[in-house]
Structures are given as structure tokens and as C-alpha cells.
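K.L.:
The following block contains the structure, expressed as C-alpha cells.
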Amino acid sequence: MRAADISGDLSRILVTEEEITAKLDEIAAQVAADYEGKDLLLVGVLKGAVMVMADFARALPVLAPMDWMAVSSYGAGTRSSGVVQIRKDLDTDLHDKHVLIVEDIIDSGLTLSWLLENFASRGAASVEVFALLRKPEAAKVHVDCRYVGFDIPTEFVVGYGLDYAEQYRNLRDVAILAPHVYS
Ligand code: XMP
Ligand code: MG
């Protein structure tokens, strides 16, 4: 779905599909160089990271298995509760793996800081984070994020995997949701 198909629901496009593609190529090259000779495992956080994982994994010029974790910290609203629930755990033993967590967005940082702590106890050789989007002004806790696609303003955004009440994930771009949709 393109932004023009639902323009009444969106305030503004923040990152276009083309900008995302170019950024993923750039970060994929960097990751391939940084992980040369290492046993890399990509861990996607469902469901928001599905699009970024699919495109990023294919942009990588090296083999990289994928695993998935489903956590939830939001419910149907637009604010993080800070309470993280595991809905689906990994299938992979992290022991001696170099884990790169692939995330759609860092907002308060609560979800990722919880995940990092959780993964640290599973014996991974290293754990790093790639987040396509980050809201620097919304941070409640600091998260060491090695790869960031785009820093964006503190607005609720949808598209490219990001949802509001499960809608808008299949929008190609990342856009600010018009307040009339959720207020
Ligand atoms: P925290 O606040 O824990 O949030 O860093 C992480 C998760 O919350 C979701 N999230 C959003 N989803 N538009 C969305 O559709 C947003 O603006 C937004 N901000 C946070 C997302 O799933 C992320 O992984
Ligand atoms: Mg997410």
C-alpha cells in the first residue's frame, strides 16, 4: 500500500521506501564487514520488524540465519507500558552466537533494554542492536544501539511493519499517523 492510498489517515511521510532501501544497503555492507568470520544470528522482534528483517537480510552479502521473538509492551494503544511479555521465544540456542537484534523502532527503549538483559543471560558471544528508527527525545532508558537507520521526532508513526491497532503495517513508507485516527 502506498501513502497516496490512505493520505487522509496520515499527517506526513517521514521516511520513503526509497530512503529505507538505500539505508538498508548501507547498513548491510557495514554489518557484513563488522561480522566477517563471525557466527552471525539475526533476531527479529515480531511483528514490527518483519519488513525491515525481510529487506535487511536480503541486502546482506553474507549468510545469516534468522530467528524471531515476539514480545509485547503496547497493547492496542500508542504508549509503552514498560511491561514486557514474551509471546514467542527464540528457537535457537544463543550460546557462542553473535546476535544482532533487528528492531523496527526504539521509542522509550524499555523493550530493548529488557531484551538485551534477557539475551545477556543466555550465553551469546555478543549482542548488538540494529534499529531502523529511533526517537531520541522519547528515551526513558539508554540503549546501546550499534546501527540506527533514522532518528525521527517524537510522533506516533506507522508503516513498514509499524502498526496502529494492527493496521498500516503494509504501508510502504514510514509516516506520522494523523491524530484524528487515534484520538
Ligand atoms: P519502546 O518504547 O519500548 O517501544 O522503545 C518499542 C516498541 O513499541 C512499538 N512502538 C511503535 N509502534 N509506532 C508504532 O507503530 C510508533 O511510533 C511506535 N513507537 C514504539 C514498536 O513495536 C517497538 O518495537
Ligand atoms: Mg517492535
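By convention here, the chains of the C-alpha cells are called A, B, ... in the order presented, each chain's residues are numbered starting at 1, and ligands are numbered starting at 1 in the order presented.
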Excluding Val84 in chain A and any residue of its chain fewer than 3 positions from it, enumerate the residues within 7 Å of it, using only C-alpha atoms, and give them as an mmCIF file with C-alpha atoms, in the first residue's frame.

P.N.:
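Printed below is part-v1.cif as written:
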```
data_model
loop_
_atom_site.group_PDB
_atom_site.id
_atom_site.type_symbol
_atom_site.label_atom_id
_atom_site.label_comp_id
_atom_site.auth_asym_id
_atom_site.auth_seq_id
_atom_site.Cartn_x
_atom_site.Cartn_y
_atom_site.Cartn_z
ATOM 1 C CA VAL A 71 7.231 -9.543 22.808
ATOM 2 C CA SER A 72 4.557 -7.089 23.613
ATOM 3 C CA SER A 73 4.745 -3.852 25.534
ATOM 4 C CA THR A 111 11.550 -3.110 25.298
#
```

K.L.:
Tell me, as an MDAnalysis selection string, which residues lie within 7 Å of Leu94 in chain A, counting only C-alpha atoms; anything in the same chain fewer than 3 positions away does not count.

P.N.:
chainID A and resid 97 122:124

K.L.:
Using N, CA and C atoms, can you write the selected residues to a file as a CSV table (one decimal), in the first residue's frame?

P.N.:
```csv
chain,number,residue,atom,x,y,z
A,97,LYS,N,26.8,-17.5,19.9
A,97,LYS,CA,26.4,-16.8,18.7
A,97,LYS,C,26.6,-15.3,18.8
A,122,ARG,N,21.9,-15.6,28.3
A,122,ARG,CA,21.8,-16.8,27.5
A,122,ARG,C,23.1,-17.3,26.9
A,123,GLY,N,24.2,-16.6,27.2
A,123,GLY,CA,25.5,-17.1,26.8
A,123,GLY,C,25.9,-16.7,25.4
A,124,ALA,N,25.3,-15.6,24.8
A,124,ALA,CA,25.7,-15.2,23.5
A,124,ALA,C,27.1,-14.6,23.5
```

K.L.:
Would you mind telling me which residue in A:Asp107, A:Glu166, A:Asp151, A:Asp89 lies nearest to ligand 1 when using only C-alpha atoms and all ligand atoms?

P.N.:
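Among the listed residues, A:Asp107 lies closest to ligand 1.
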
K.L.:
When you look at Lys47 in chain A with a cut-off of 8 Å (counting only C-alpha atoms), what residues show up, excluding the ones that are within fewer than 3 positions of it in the same chain? I need them as a list in words.

P.N.:
Val50, Ala70 and Gly161 of chain A

K.L.:
Please give me, as a ChimeraX atom specification, the residues lying within 9 Å of ligand 1 when counting only C-alpha atoms and all ligand atoms.

P.N.:
/A:45-49,71-74,78-84,103-114,131,134-135,138-141,154-159,161-169,176-177

K.L.:
Write out the residues from the selection above, keeping C-alpha atoms, as a PDB file, in the first residue's frame.

P.N.:
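What ended up in out09.pdb:
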```
ATOM      1  CA  VAL A  45      11.289  -8.746  17.038  1.00  0.00           C
ATOM      2  CA  LEU A  46       7.768  -9.564  15.886  1.00  0.00           C
ATOM      3  CA  LYS A  47       5.697  -8.201  14.463  1.00  0.00           C
ATOM      4  CA  GLY A  48       7.022  -4.725  13.765  1.00  0.00           C
ATOM      5  CA  ALA A  49      10.425  -5.846  12.483  1.00  0.00           C
ATOM      6  CA  VAL A  71       7.231  -9.543  22.808  1.00  0.00           C
ATOM      7  CA  SER A  72       4.557  -7.089  23.613  1.00  0.00           C
ATOM      8  CA  SER A  73       4.745  -3.852  25.534  1.00  0.00           C
ATOM      9  CA  TYR A  74       1.994  -1.775  23.974  1.00  0.00           C
ATOM     10  CA  THR A  78       0.238   4.340  21.435  1.00  0.00           C
ATOM     11  CA  ARG A  79       2.319   4.382  24.647  1.00  0.00           C
ATOM     12  CA  SER A  80       4.767   1.847  26.080  1.00  0.00           C
ATOM     13  CA  SER A  81       3.598   0.302  29.322  1.00  0.00           C
ATOM     14  CA  GLY A  82       7.128  -0.747  30.260  1.00  0.00           C
ATOM     15  CA  VAL A  83       5.791  -4.225  30.972  1.00  0.00           C
ATOM     16  CA  VAL A  84       7.318  -6.672  28.512  1.00  0.00           C
ATOM     17  CA  GLU A 103      14.125  -3.821  15.523  1.00  0.00           C
ATOM     18  CA  ASP A 104      11.687  -1.503  13.825  1.00  0.00           C
ATOM     19  CA  ILE A 105      11.898   1.325  16.335  1.00  0.00           C
ATOM     20  CA  ILE A 106      13.361   2.433  19.649  1.00  0.00           C
ATOM     21  CA  ASP A 107      10.904   4.684  21.430  1.00  0.00           C
ATOM     22  CA  SER A 108      11.237   4.698  25.238  1.00  0.00           C
ATOM     23  CA  GLY A 109      13.926   2.000  24.932  1.00  0.00           C
ATOM     24  CA  LEU A 110      12.189  -0.120  27.569  1.00  0.00           C
ATOM     25  CA  THR A 111      11.550  -3.110  25.298  1.00  0.00           C
ATOM     26  CA  LEU A 112      15.118  -3.329  24.036  1.00  0.00           C
ATOM     27  CA  SER A 113      16.812  -2.794  27.362  1.00  0.00           C
ATOM     28  CA  TRP A 114      14.711  -5.636  28.700  1.00  0.00           C
ATOM     29  CA  ALA A 131      17.008  -0.297  14.811  1.00  0.00           C
ATOM     30  CA  ARG A 134      14.860   5.803  16.790  1.00  0.00           C
ATOM     31  CA  LYS A 135      13.086   8.588  18.697  1.00  0.00           C
ATOM     32  CA  ALA A 138      11.476   9.787  23.833  1.00  0.00           C
ATOM     33  CA  ALA A 139      14.211   7.725  25.531  1.00  0.00           C
ATOM     34  CA  LYS A 140      13.422   6.721  29.106  1.00  0.00           C
ATOM     35  CA  VAL A 141      16.424   4.402  29.349  1.00  0.00           C
ATOM     36  CA  THR A 154       8.642  12.003  18.976  1.00  0.00           C
ATOM     37  CA  GLU A 155       5.491  11.284  16.976  1.00  0.00           C
ATOM     38  CA  PHE A 156       3.498   8.094  16.616  1.00  0.00           C
ATOM     39  CA  VAL A 157       4.478   6.594  13.284  1.00  0.00           C
ATOM     40  CA  VAL A 158       3.103   3.767  11.178  1.00  0.00           C
ATOM     41  CA  GLY A 159       4.101   1.833   8.085  1.00  0.00           C
ATOM     42  CA  GLY A 161       5.862  -3.001   9.709  1.00  0.00           C
ATOM     43  CA  LEU A 162       4.727  -0.454  12.305  1.00  0.00           C
ATOM     44  CA  ASP A 163       1.077  -0.561  13.226  1.00  0.00           C
ATOM     45  CA  TYR A 164      -1.699   1.230  14.935  1.00  0.00           C
ATOM     46  CA  ALA A 165      -4.159  -1.403  16.249  1.00  0.00           C
ATOM     47  CA  GLU A 166      -2.675  -3.875  13.689  1.00  0.00           C
ATOM     48  CA  GLN A 167      -3.383  -1.561  10.748  1.00  0.00           C
ATOM     49  CA  TYR A 168      -0.924   0.250   8.449  1.00  0.00           C
ATOM     50  CA  ARG A 169       1.842  -2.387   8.647  1.00  0.00           C
ATOM     51  CA  ILE A 176       3.128  10.130  11.006  1.00  0.00           C
ATOM     52  CA  LEU A 177      -0.383   8.947  11.780  1.00  0.00           C
TER      53      LEU A 177
END
```

K.L.:
Using only C-alpha atoms, can you tell me which of A:Ser126, A:Gln85, A:Asn118, A:Gln30 comes closest to His98 in chain A?

P.N.:
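Ranking A:Ser126, A:Gln85, A:Asn118, A:Gln30 by distance to His98 in chain A, first place goes to A:Ser126.
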
K.L.:
Could you check the closest approach to Val148 in chain A for each of A:Val127, A:Ile27, A:Val62, A:Val15 and tell me which residue wins, using only C-alpha atoms?

P.N.:
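Comparing A:Val127, A:Ile27, A:Val62, A:Val15 against Val148 in chain A, the winner is A:Ile27.
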